[in-house]
>>> print(open('query-v7.txt').read())   # compact mmCIF, C-alpha atoms and all ligand atoms
# COMPACT_ATOMS: atom_id res chain seq x y z
CA MET A 1 -0.28 -10.91 27.79
CA ASN A 2 -0.09 -12.80 24.49
CA LYS A 3 2.93 -12.40 22.24
CA ILE A 4 2.61 -9.21 20.16
CA GLN A 5 2.39 -9.82 16.42
CA PHE A 6 3.50 -7.25 13.85
CA ILE A 7 0.40 -8.19 11.87
CA ASP A 8 -1.96 -10.69 13.50
CA LEU A 9 -3.74 -13.01 11.09
CA GLN A 10 -4.73 -15.68 13.61
CA SER A 11 -7.04 -13.59 15.84
CA GLN A 12 -8.99 -12.51 12.79
CA ARG A 13 -9.13 -16.10 11.54
CA GLN A 14 -10.66 -17.23 14.83
CA ALA A 15 -13.25 -14.43 14.61
CA LEU A 16 -14.28 -15.45 11.09
CA LYS A 17 -13.84 -19.22 11.33
CA LYS A 18 -17.51 -20.17 11.05
CA PRO A 19 -18.74 -17.91 8.21
CA VAL A 20 -15.60 -18.46 6.13
CA SER A 21 -15.71 -22.25 6.43
CA GLU A 22 -19.43 -22.25 5.55
CA LEU A 23 -18.73 -20.22 2.43
CA PHE A 24 -15.74 -22.47 1.59
CA ASP A 25 -18.04 -25.49 1.79
CA LYS A 26 -20.45 -23.79 -0.57
CA VAL A 27 -17.67 -23.12 -3.12
CA LEU A 28 -16.28 -26.66 -2.80
CA THR A 29 -19.77 -27.97 -3.46
CA HIS A 30 -20.64 -25.83 -6.51
CA GLY A 31 -17.09 -26.31 -7.84
CA ALA A 32 -16.82 -23.09 -9.91
CA PHE A 33 -13.28 -22.43 -8.72
CA ILE A 34 -12.48 -19.91 -11.46
CA LEU A 35 -14.73 -16.83 -11.83
CA GLY A 36 -17.46 -18.44 -9.74
CA PRO A 37 -20.46 -16.51 -8.37
CA GLU A 38 -18.52 -15.35 -5.27
CA VAL A 39 -16.14 -13.40 -7.52
CA ASN A 40 -19.05 -11.41 -8.95
CA GLN A 41 -20.53 -10.89 -5.52
CA LEU A 42 -17.22 -9.61 -4.13
CA GLU A 43 -16.83 -7.23 -7.07
CA ASP A 44 -20.32 -5.84 -6.39
CA ASP A 45 -19.57 -5.50 -2.67
CA LEU A 46 -16.29 -3.69 -3.37
CA THR A 47 -17.98 -1.36 -5.85
CA LYS A 48 -20.57 -0.48 -3.22
CA TYR A 49 -17.92 0.04 -0.54
CA THR A 50 -15.66 2.31 -2.60
CA GLY A 51 -18.23 4.11 -4.73
CA ALA A 52 -16.20 3.30 -7.86
CA LEU A 53 -18.05 2.74 -11.12
CA GLU A 54 -16.73 -0.80 -11.46
CA THR A 55 -14.44 -3.30 -9.73
CA VAL A 56 -12.45 -6.01 -11.52
CA THR A 57 -10.64 -8.49 -9.26
CA CYS A 58 -7.39 -10.15 -10.31
CA SER A 59 -4.58 -12.42 -9.09
CA ASN A 60 -2.53 -9.91 -7.05
CA GLY A 61 -1.69 -6.23 -6.66
CA THR A 62 1.28 -6.35 -9.03
CA ASP A 63 -0.92 -7.79 -11.79
CA ALA A 64 -3.52 -5.11 -11.07
CA LEU A 65 -0.87 -2.49 -11.93
CA ARG A 66 0.38 -4.53 -14.89
CA LEU A 67 -3.15 -4.86 -16.30
CA LEU A 68 -3.61 -1.11 -16.07
CA LEU A 69 -0.38 -0.49 -18.00
CA LEU A 70 -1.63 -2.96 -20.64
CA ALA A 71 -4.93 -1.06 -20.76
CA HIS A 72 -2.96 2.18 -21.31
CA ASN A 73 -0.96 0.46 -24.03
CA VAL A 74 2.39 1.37 -22.43
CA GLY A 75 5.51 0.27 -24.30
CA PRO A 76 9.03 1.12 -25.45
CA GLY A 77 9.84 4.85 -25.45
CA ASP A 78 7.13 5.66 -22.89
CA ALA A 79 8.06 7.31 -19.59
CA VAL A 80 6.00 6.51 -16.50
CA PHE A 81 6.73 8.54 -13.35
CA VAL A 82 6.88 6.65 -10.05
CA PRO A 83 7.91 7.56 -6.51
CA THR A 84 11.22 6.01 -5.47
CA PHE A 85 10.14 5.32 -1.88
CA THR A 86 7.80 2.35 -2.43
CA PHE A 87 7.68 -1.41 -2.88
CA ALA A 88 9.35 -2.75 -6.06
CA SER A 89 6.06 -3.57 -7.86
CA THR A 90 5.35 0.10 -8.61
CA ALA A 91 8.40 0.36 -10.90
CA GLU A 92 8.65 -3.32 -11.81
CA VAL A 93 5.45 -3.27 -13.85
CA VAL A 94 6.73 -0.31 -15.88
CA ALA A 95 10.02 -2.06 -16.67
CA GLN A 96 8.08 -5.29 -17.43
CA SER A 97 6.09 -3.34 -20.03
CA ASN A 98 9.41 -2.34 -21.70
CA ALA A 99 8.69 1.27 -20.81
CA THR A 100 10.94 3.52 -18.68
CA PRO A 101 10.21 4.18 -15.02
CA VAL A 102 11.31 7.70 -14.01
CA PHE A 103 11.98 8.01 -10.30
CA VAL A 104 10.56 10.96 -8.36
CA ASP A 105 11.31 12.08 -4.79
CA VAL A 106 8.78 12.05 -1.95
CA CYS A 107 7.56 14.59 0.63
CA PRO A 108 9.39 14.28 3.97
CA ASP A 109 6.19 14.49 6.04
CA THR A 110 3.74 12.31 4.09
CA PHE A 111 6.23 9.86 2.45
CA ASN A 112 4.23 10.26 -0.78
CA ILE A 113 5.30 11.47 -4.24
CA ASP A 114 6.29 15.15 -4.26
CA PRO A 115 4.43 17.16 -6.98
CA GLN A 116 7.38 19.60 -7.16
CA SER A 117 9.89 16.81 -7.82
CA LEU A 118 7.46 15.41 -10.43
CA LYS A 119 7.47 18.78 -12.24
CA GLU A 120 11.28 18.76 -12.26
CA ALA A 121 11.29 15.20 -13.63
CA LEU A 122 9.01 16.34 -16.46
CA GLN A 123 11.22 19.34 -17.23
CA THR A 124 14.44 17.33 -17.34
CA LEU A 125 13.03 14.28 -19.17
CA ASP A 126 15.19 12.94 -22.00
CA PRO A 127 13.45 14.22 -25.19
CA SER A 128 13.62 10.73 -26.71
CA LEU A 129 11.09 9.57 -24.08
CA LYS A 130 7.37 10.30 -24.26
CA PRO A 131 5.78 11.26 -20.90
CA LYS A 132 2.72 9.02 -20.66
CA GLY A 133 1.59 8.46 -17.12
CA LEU A 134 2.07 8.65 -13.40
CA ILE A 135 1.73 5.91 -10.78
CA THR A 136 0.93 7.44 -7.41
CA VAL A 137 1.42 5.40 -4.23
CA ASP A 138 -0.57 5.88 -1.01
CA LEU A 139 2.31 4.81 1.18
CA PHE A 140 1.54 3.17 4.54
CA GLY A 141 -2.17 3.86 3.86
CA LEU A 142 -2.09 7.67 3.50
CA PRO A 143 -3.55 8.86 0.17
CA ALA A 144 -1.22 10.88 -2.04
CA ASN A 145 -1.82 14.59 -2.71
CA TYR A 146 -4.35 13.93 -5.50
CA ASP A 147 -5.43 17.54 -6.18
CA ALA A 148 -1.87 18.69 -6.84
CA LEU A 149 -1.05 15.53 -8.80
CA HIS A 150 -4.14 15.74 -11.02
CA GLU A 151 -3.18 19.35 -11.80
CA VAL A 152 0.33 18.36 -12.98
CA ALA A 153 -1.09 15.34 -14.85
CA GLU A 154 -3.66 17.47 -16.70
CA THR A 155 -1.07 20.09 -17.66
CA HIS A 156 1.17 17.43 -19.19
CA GLY A 157 -1.49 15.07 -20.56
CA LEU A 158 -0.57 12.19 -18.23
CA TRP A 159 -2.95 9.52 -17.01
CA ILE A 160 -2.83 8.53 -13.32
CA VAL A 161 -2.82 4.97 -12.01
CA ALA A 162 -3.19 4.91 -8.22
CA ASP A 163 -1.15 2.19 -6.51
CA SER A 164 -3.39 1.81 -3.46
CA ALA A 165 -2.03 -1.56 -2.37
CA GLN A 166 -1.54 -0.21 1.18
CA SER A 167 -4.52 2.14 1.42
CA PHE A 168 -7.78 0.28 0.80
CA GLY A 169 -10.28 1.93 3.17
CA GLY A 170 -8.53 5.31 3.15
CA LYS A 171 -10.14 8.61 2.11
CA TYR A 172 -9.08 11.94 0.63
CA LYS A 173 -11.40 14.96 0.88
CA GLY A 174 -14.28 12.64 1.76
CA LYS A 175 -13.79 10.41 -1.28
CA ASN A 176 -12.80 6.76 -0.94
CA VAL A 177 -9.62 5.18 -2.24
CA GLY A 178 -10.76 3.57 -5.47
CA THR A 179 -12.26 6.82 -6.77
CA LEU A 180 -9.26 9.18 -6.46
CA ALA A 181 -7.93 8.42 -9.95
CA GLN A 182 -9.50 7.07 -13.15
CA THR A 183 -8.00 3.70 -12.25
CA THR A 184 -6.79 2.30 -8.93
CA ALA A 185 -4.93 -0.93 -8.18
CA THR A 186 -5.08 -2.63 -4.80
CA SER A 187 -3.69 -5.81 -3.24
CA PHE A 188 -5.22 -8.38 -0.91
CA PHE A 189 -1.83 -9.86 0.09
CA PRO A 190 -2.13 -11.18 3.69
CA SER A 191 -0.45 -8.15 5.31
CA LYS A 192 -2.56 -5.47 3.56
CA PRO A 193 -5.51 -3.73 5.28
CA LEU A 194 -8.08 -5.93 3.47
CA ALA A 195 -6.44 -9.29 2.86
CA CYS A 196 -7.18 -12.83 1.73
CA TYR A 197 -5.55 -16.21 2.49
CA GLY A 198 -3.03 -16.01 -0.34
CA ASP A 199 -2.52 -13.66 -3.29
CA GLY A 200 -5.30 -11.43 -4.58
CA GLY A 201 -5.88 -7.99 -6.04
CA ALA A 202 -8.41 -5.67 -7.62
CA ILE A 203 -8.79 -2.72 -9.95
CA PHE A 204 -11.31 0.04 -9.35
CA THR A 205 -12.29 2.37 -12.13
CA THR A 206 -14.37 5.50 -12.55
CA ASP A 207 -13.95 5.40 -16.34
CA PRO A 208 -16.78 3.65 -18.23
CA LYS A 209 -14.39 2.60 -21.03
CA MET A 210 -11.98 0.77 -18.71
CA GLY A 211 -14.08 -1.90 -16.99
CA ALA A 212 -14.76 -4.16 -19.96
CA LEU A 213 -11.21 -3.80 -21.28
CA ILE A 214 -9.61 -4.81 -17.96
CA ARG A 215 -12.10 -7.67 -17.55
CA SER A 216 -10.98 -8.98 -20.94
CA LEU A 217 -7.25 -8.43 -20.26
CA ARG A 218 -7.31 -10.36 -16.97
CA ASN A 219 -8.72 -13.40 -18.82
CA HIS A 220 -6.42 -13.84 -21.85
CA GLY A 221 -7.95 -10.90 -23.72
CA CYS A 222 -11.14 -12.83 -24.41
CA GLY A 223 -14.17 -11.36 -26.19
CA GLU A 224 -17.84 -12.27 -25.72
CA ASP A 225 -16.85 -15.88 -26.25
CA ARG A 226 -14.15 -17.41 -24.04
CA TYR A 227 -12.24 -18.61 -27.10
CA ASP A 228 -12.41 -15.31 -28.97
CA HIS A 229 -9.24 -13.31 -28.27
CA ILE A 230 -9.58 -9.60 -28.99
CA HIS A 231 -6.57 -8.46 -26.90
CA ILE A 232 -3.27 -9.93 -25.74
CA GLY A 233 -3.87 -10.31 -22.04
CA LEU A 234 -2.83 -12.27 -18.97
CA ASN A 235 -4.14 -15.10 -16.87
CA SER A 236 -4.86 -13.03 -13.78
CA ARG A 237 -8.13 -14.09 -12.20
CA LEU A 238 -8.93 -14.09 -8.48
CA ASP A 239 -9.71 -17.61 -7.19
CA THR A 240 -13.32 -18.11 -6.11
CA LEU A 241 -12.09 -19.38 -2.72
CA GLN A 242 -10.17 -16.14 -2.12
CA ALA A 243 -13.26 -14.14 -3.13
CA ALA A 244 -15.22 -16.05 -0.48
CA VAL A 245 -12.67 -15.09 2.21
CA LEU A 246 -12.82 -11.45 1.13
CA ILE A 247 -16.65 -11.33 1.16
CA GLU A 248 -16.59 -12.22 4.86
CA LYS A 249 -13.62 -10.00 5.71
CA LEU A 250 -15.19 -6.98 4.02
CA LYS A 251 -18.17 -7.29 6.41
CA ILE A 252 -15.97 -6.69 9.48
CA PHE A 253 -13.61 -4.29 7.69
CA PRO A 254 -15.31 -1.04 8.88
CA ASP A 255 -14.91 -2.13 12.53
CA GLU A 256 -11.30 -3.13 11.92
CA LEU A 257 -10.59 0.23 10.33
CA LYS A 258 -12.04 1.99 13.36
CA ARG A 259 -9.69 0.04 15.61
CA ARG A 260 -6.70 0.93 13.40
CA HIS A 261 -7.59 4.60 13.91
CA GLU A 262 -7.80 4.14 17.69
CA ILE A 263 -4.38 2.50 17.71
CA ALA A 264 -2.84 5.25 15.58
CA ASN A 265 -4.34 7.90 17.90
CA PHE A 266 -2.96 6.11 20.96
CA TYR A 267 0.53 5.85 19.49
CA GLY A 268 0.40 9.50 18.38
CA GLU A 269 -0.70 10.73 21.80
CA HIS A 270 1.95 8.81 23.72
CA LEU A 271 4.93 8.93 21.38
CA SER A 272 4.86 12.37 19.75
CA HIS A 273 7.22 13.84 22.36
CA VAL A 274 9.95 11.21 21.88
CA LEU A 275 9.99 10.71 18.10
CA GLU A 276 8.30 11.96 14.93
CA VAL A 277 4.89 10.34 14.56
CA PRO A 278 3.00 10.27 11.23
CA GLN A 279 1.43 13.59 10.28
CA VAL A 280 -2.05 13.42 8.78
CA PRO A 281 -2.82 16.57 6.80
CA ALA A 282 -6.36 18.02 7.07
CA ASP A 283 -8.88 16.26 4.80
CA TYR A 284 -6.82 13.05 4.63
CA ASP A 285 -8.05 9.83 6.21
CA PRO A 286 -5.42 7.08 6.16
CA ALA A 287 -6.21 3.35 6.17
CA TRP A 288 -3.27 2.85 8.57
CA GLY A 289 -1.89 -0.08 6.61
CA LEU A 290 1.35 0.51 8.51
CA TYR A 291 2.25 2.84 11.40
CA THR A 292 5.60 4.39 10.57
CA VAL A 293 7.57 6.73 12.82
CA ILE A 294 10.76 8.64 12.13
CA CYS A 295 13.65 8.32 14.55
CA LYS A 296 17.25 9.54 14.55
CA PRO A 297 19.25 7.34 12.16
CA GLU A 298 21.96 6.75 14.78
CA GLN A 299 19.35 5.49 17.28
CA ARG A 300 17.22 3.31 15.01
CA GLU A 301 19.06 0.00 15.28
CA ALA A 302 19.30 0.33 19.09
CA LEU A 303 15.56 1.02 19.30
CA ILE A 304 14.80 -2.02 17.13
CA GLU A 305 16.99 -4.12 19.44
CA THR A 306 15.32 -2.80 22.59
CA LEU A 307 11.87 -3.54 21.14
CA SER A 308 12.99 -7.00 20.12
CA ASN A 309 14.40 -7.67 23.63
CA HIS A 310 10.89 -6.96 24.90
CA GLN A 311 9.30 -9.32 22.33
CA ILE A 312 7.97 -6.40 20.27
CA PRO A 313 8.33 -6.88 16.50
CA SER A 314 9.09 -3.91 14.24
CA ASN A 315 10.08 -3.53 10.59
CA VAL A 316 11.79 -1.07 8.27
CA TYR A 317 9.87 -0.23 5.10
CA TYR A 318 12.09 0.36 3.11
CA ARG A 319 15.85 0.16 3.67
CA LYS A 320 16.70 1.32 0.14
CA PRO A 321 14.86 3.59 -2.31
CA LEU A 322 14.19 1.97 -5.68
CA HIS A 323 16.52 4.31 -7.63
CA LEU A 324 19.45 2.88 -5.62
CA GLN A 325 18.45 -0.78 -6.09
CA PRO A 326 20.79 -2.71 -8.42
CA ALA A 327 17.98 -3.62 -10.85
CA TYR A 328 16.68 -0.04 -11.13
CA ALA A 329 19.71 2.24 -10.67
CA HIS A 330 20.17 2.82 -14.43
CA TYR A 331 16.71 4.35 -14.94
CA PRO A 332 16.27 8.15 -15.04
CA ARG A 333 15.34 10.18 -11.98
CA ALA A 334 14.04 13.68 -11.24
CA GLN A 335 17.31 14.83 -9.70
CA LYS A 336 20.72 13.22 -9.30
CA GLN A 337 19.94 12.72 -5.64
CA LEU A 338 16.41 12.03 -4.42
CA ALA A 339 17.37 13.50 -1.09
CA GLN A 340 14.19 13.03 0.96
CA ALA A 341 13.86 9.35 0.11
CA GLU A 342 17.58 8.80 0.68
CA ARG A 343 17.21 10.33 4.14
CA LEU A 344 13.95 8.53 5.06
CA VAL A 345 15.32 5.05 4.44
CA ASN A 346 17.72 5.60 7.35
CA SER A 347 15.15 6.88 9.81
CA VAL A 348 11.77 5.17 9.28
CA LEU A 349 10.52 2.41 11.57
CA SER A 350 7.13 0.68 11.49
CA LEU A 351 5.52 -0.40 14.78
CA PRO A 352 2.98 -3.23 15.18
CA MET A 353 -0.32 -2.25 13.54
CA HIS A 354 -3.34 -4.51 13.22
CA PRO A 355 -6.90 -4.36 14.58
CA TYR A 356 -6.34 -7.10 17.17
CA ILE A 357 -3.66 -5.44 19.30
CA THR A 358 -5.02 -5.22 22.85
CA ASP A 359 -4.89 -2.08 25.02
CA ASP A 360 -2.40 -3.87 27.33
CA GLN A 361 -0.13 -4.65 24.42
CA LEU A 362 -0.31 -1.04 23.21
CA SER A 363 0.59 0.32 26.65
CA HIS A 364 3.52 -2.10 26.80
CA ILE A 365 4.80 -0.94 23.39
CA VAL A 366 4.67 2.78 24.24
CA GLU A 367 6.29 2.17 27.66
CA VAL A 368 9.19 0.31 26.04
CA VAL A 369 9.68 3.07 23.43
CA LYS A 370 9.52 5.82 26.08
CA GLY A 371 11.87 3.83 28.34
CA PHE A 372 14.36 3.57 25.49
CA TYR A 373 14.44 7.35 25.07
CA GLN A 374 14.70 8.00 28.83
CA SER A 375 17.68 5.69 29.15
CA THR A 376 19.41 7.08 26.03
CA LYS A 377 18.97 10.58 27.44
CA ALA A 378 20.42 9.43 30.78
CA THR A 379 23.38 7.80 29.00
CA GLN A 380 24.00 10.98 27.03
CA LYS A 381 23.96 13.08 30.21
CA THR A 382 26.45 10.73 31.91
CA ALA A 383 28.69 10.86 28.84
CA GLU A 384 28.55 14.68 28.87
CA ALA A 385 29.34 14.78 32.62
CA ILE A 386 32.40 12.50 32.17
CA SER A 387 33.76 14.46 29.22
C1 LIG B 1 2.05 -4.93 -1.74
C2 LIG B 1 2.29 -3.88 -2.72
C3 LIG B 1 2.16 -4.11 -4.11
C4 LIG B 1 2.00 -5.47 -4.71
O1 LIG B 1 0.93 -6.24 -4.28
P1 LIG B 1 1.01 -7.84 -4.45
O2 LIG B 1 -0.40 -8.26 -4.22
O3 LIG B 1 1.95 -8.34 -3.42
O4 LIG B 1 1.46 -8.14 -5.83
C5 LIG B 1 2.31 -3.03 -4.96
N1 LIG B 1 2.57 -1.80 -4.50
C6 LIG B 1 2.70 -1.53 -3.18
C7 LIG B 1 2.97 -0.13 -2.75
C8 LIG B 1 2.59 -2.56 -2.24
O5 LIG B 1 2.74 -2.30 -0.95
>>> encode(input="query-v7.txt", output="structure tokens")
Amino acid sequence: MNKIQFIDLQSQRQALKKPVSELFDKVLTHGAFILGPEVNQLEDDLTKYTGALETVTCSNGTDALRLLLLAHNVGPGDAVFVPTFTFASTAEVVAQSNATPVFVDVCPDTFNIDPQSLKEALQTLDPSLKPKGLITVDLFGLPANYDALHEVAETHGLWIVADSAQSFGGKYKGKNVGTLAQTTATSFFPSKPLACYGDGGAIFTTDPKMGALIRSLRNHGCGEDRYDHIHIGLNSRLDTLQAAVLIEKLKIFPDELKRRHEIANFYGEHLSHVLEVPQVPADYDPAWGLYTVICKPEQREALIETLSNHQIPSNVYYRKPLHLQPAYAHYPRAQKQLAQAERLVNSVLSLPMHPYITDDQLSHIVEVVKGFYQSTKATQKTAEAIS
């Protein structure tokens, strides 16, 4: 059995070696390294895949969010609501825009922003701040509760930006990620479900006014002419070479997604009696960017060590919620304690998840996890018998 990777980029590289190097040669020959024809082709392919009105690629997922805040003209005095249990980018872009991120708690079963906590955050918001928008996160690949969130957003006149960096390929009520909010940001960082060989990102929109604006903002706010500047923007274009990688990877993406589902089903079937496996509510279809279980806080480090002793990598996403991070602790939050997130950081554990895990490797992983729980139970019984 080969060594198990947490995320395996090499097996996929072998599978795509020929088509990717042929397309690389083509790009190296035509030499349009910035906004070359492959960038347009990828944007068309992504639009077809998601069913969005338009796709605009950019340098990375963080910039995708940043560009959307620029498009919404977010600035000082504006409040933007974000879940606290997420990667830093979600709140970082708000602070970078000189606006105020307001931290909201998450649901204990889905890990995603809790509409009830959002309502409380709106009610208790400092009156000197203007509630402007909401950034939802589809954590670990599971879409957020968009129906409930759209309802709160409409009541309070908020726009929604979906941070779908971990959920490209996911669905909610039959609709693809990319169409669940007026604007969606995603990332093609190497560990995300659809990934390139470096940094990359994209914005999907269903709003006809947004496409042209974002296209201008990602390229120094240019107008019809490259040297006309009608907005203050960023340099945030996707390299043509990265677009070429993504064109080929998108072709095999549906098969990879199928395999991710098989792996999640296997884990769920074999592990649900020893720890809490991810719950997928009806009508949700996760992209399985990560497979995250919940274990007892006092057992987590021992389980990580046991896995590691058997050459099985695992990771904790995340060990601290953003509202307790030094750089973000002074920003407002829905409640004094965001209790669910504060509890989850001590109990979550992500197991290896990528489309190239073999059946043998999967069996090995579940045997090691089950073995861990059998031996802890035995140890507990012995301890009880002695005392
Ligand atoms: C990865 C990630 C981002 C940022 O994407 P980059 O391409 O690394 O900038 C933003 N939000 C979430 C939830 C992420 O997981």
>>> residues_around(input="query-v7.txt", residues="range 330-346 of chain A", least_positions_apart="5", cutoff="10 Å", atoms="all atoms listed in the file", output="number ranges by chain")
A: 79, 81-86, 95, 100-109, 111-114, 116-126, 294-298, 300-301, 316-325
>>> residues_near_ligand(input="query-v7.txt", ligand="ligand LIG 1 (chain B)", cutoff="9 Å", atoms="only C-alpha atoms and all ligand atoms", output="number ranges by chain")
A: 59-65, 86-91, 137-140, 163-167, 185-192, 199-201
>>> closest_residue(input="query-v7.txt", among="A:Leu28, A:Leu307, A:Ile160, A:Ile203", to="Ala181 in chain A", atoms="all atoms listed in the file")
A:Ile160
>>> closest_atom_pairs(input="query-v7.txt", of="range 187-298 of chain A", to="range 357-360 of chain A", cutoff="10 Å", atoms="all atoms listed in the file", output="tab-separated table")
residue	atom	partner	partner_atom	distance
A:Arg259	CA	A:Ile357	CA	8.9
A:Arg260	CA	A:Ile357	CA	9.2
A:Ile263	CA	A:Ile357	CA	8.1
A:Phe266	CA	A:Asp359	CA	9.3
>>> atom_distance(input="query-v7.txt", atom1="CA of Asn176 in chain A", atom2="CA of Ala144 in chain A")
12.3 Å
>>> atom_distance(input="query-v7.txt", atom1="CA of Leu42 in chain A", atom2="CA of Thr55 in chain A")
8.9 Å
>>> decode(input="query-v7.txt", residues="range 340-352 of chain A", atoms="C-alpha atoms", output="short mmCIF file (atom, residue, chain, number, x, y, z; two decimals), in the first residue's frame")
data_model
loop_
_atom_site.label_atom_id
_atom_site.label_comp_id
_atom_site.auth_asym_id
_atom_site.auth_seq_id
_atom_site.Cartn_x
_atom_site.Cartn_y
_atom_site.Cartn_z
CA GLN A 340 -20.86 26.44 19.21
CA ALA A 341 -17.71 27.56 17.42
CA GLU A 342 -15.78 27.66 20.69
CA ARG A 343 -16.81 24.06 21.33
CA LEU A 344 -16.19 22.79 17.77
CA VAL A 345 -12.58 23.96 17.63
CA ASN A 346 -11.79 21.44 20.39
CA SER A 347 -13.53 18.49 18.80
CA VAL A 348 -13.24 18.61 14.98
CA LEU A 349 -10.81 16.42 13.06
CA SER A 350 -10.44 16.12 9.28
CA LEU A 351 -9.54 12.72 7.78
CA PRO A 352 -7.78 12.18 4.43
#
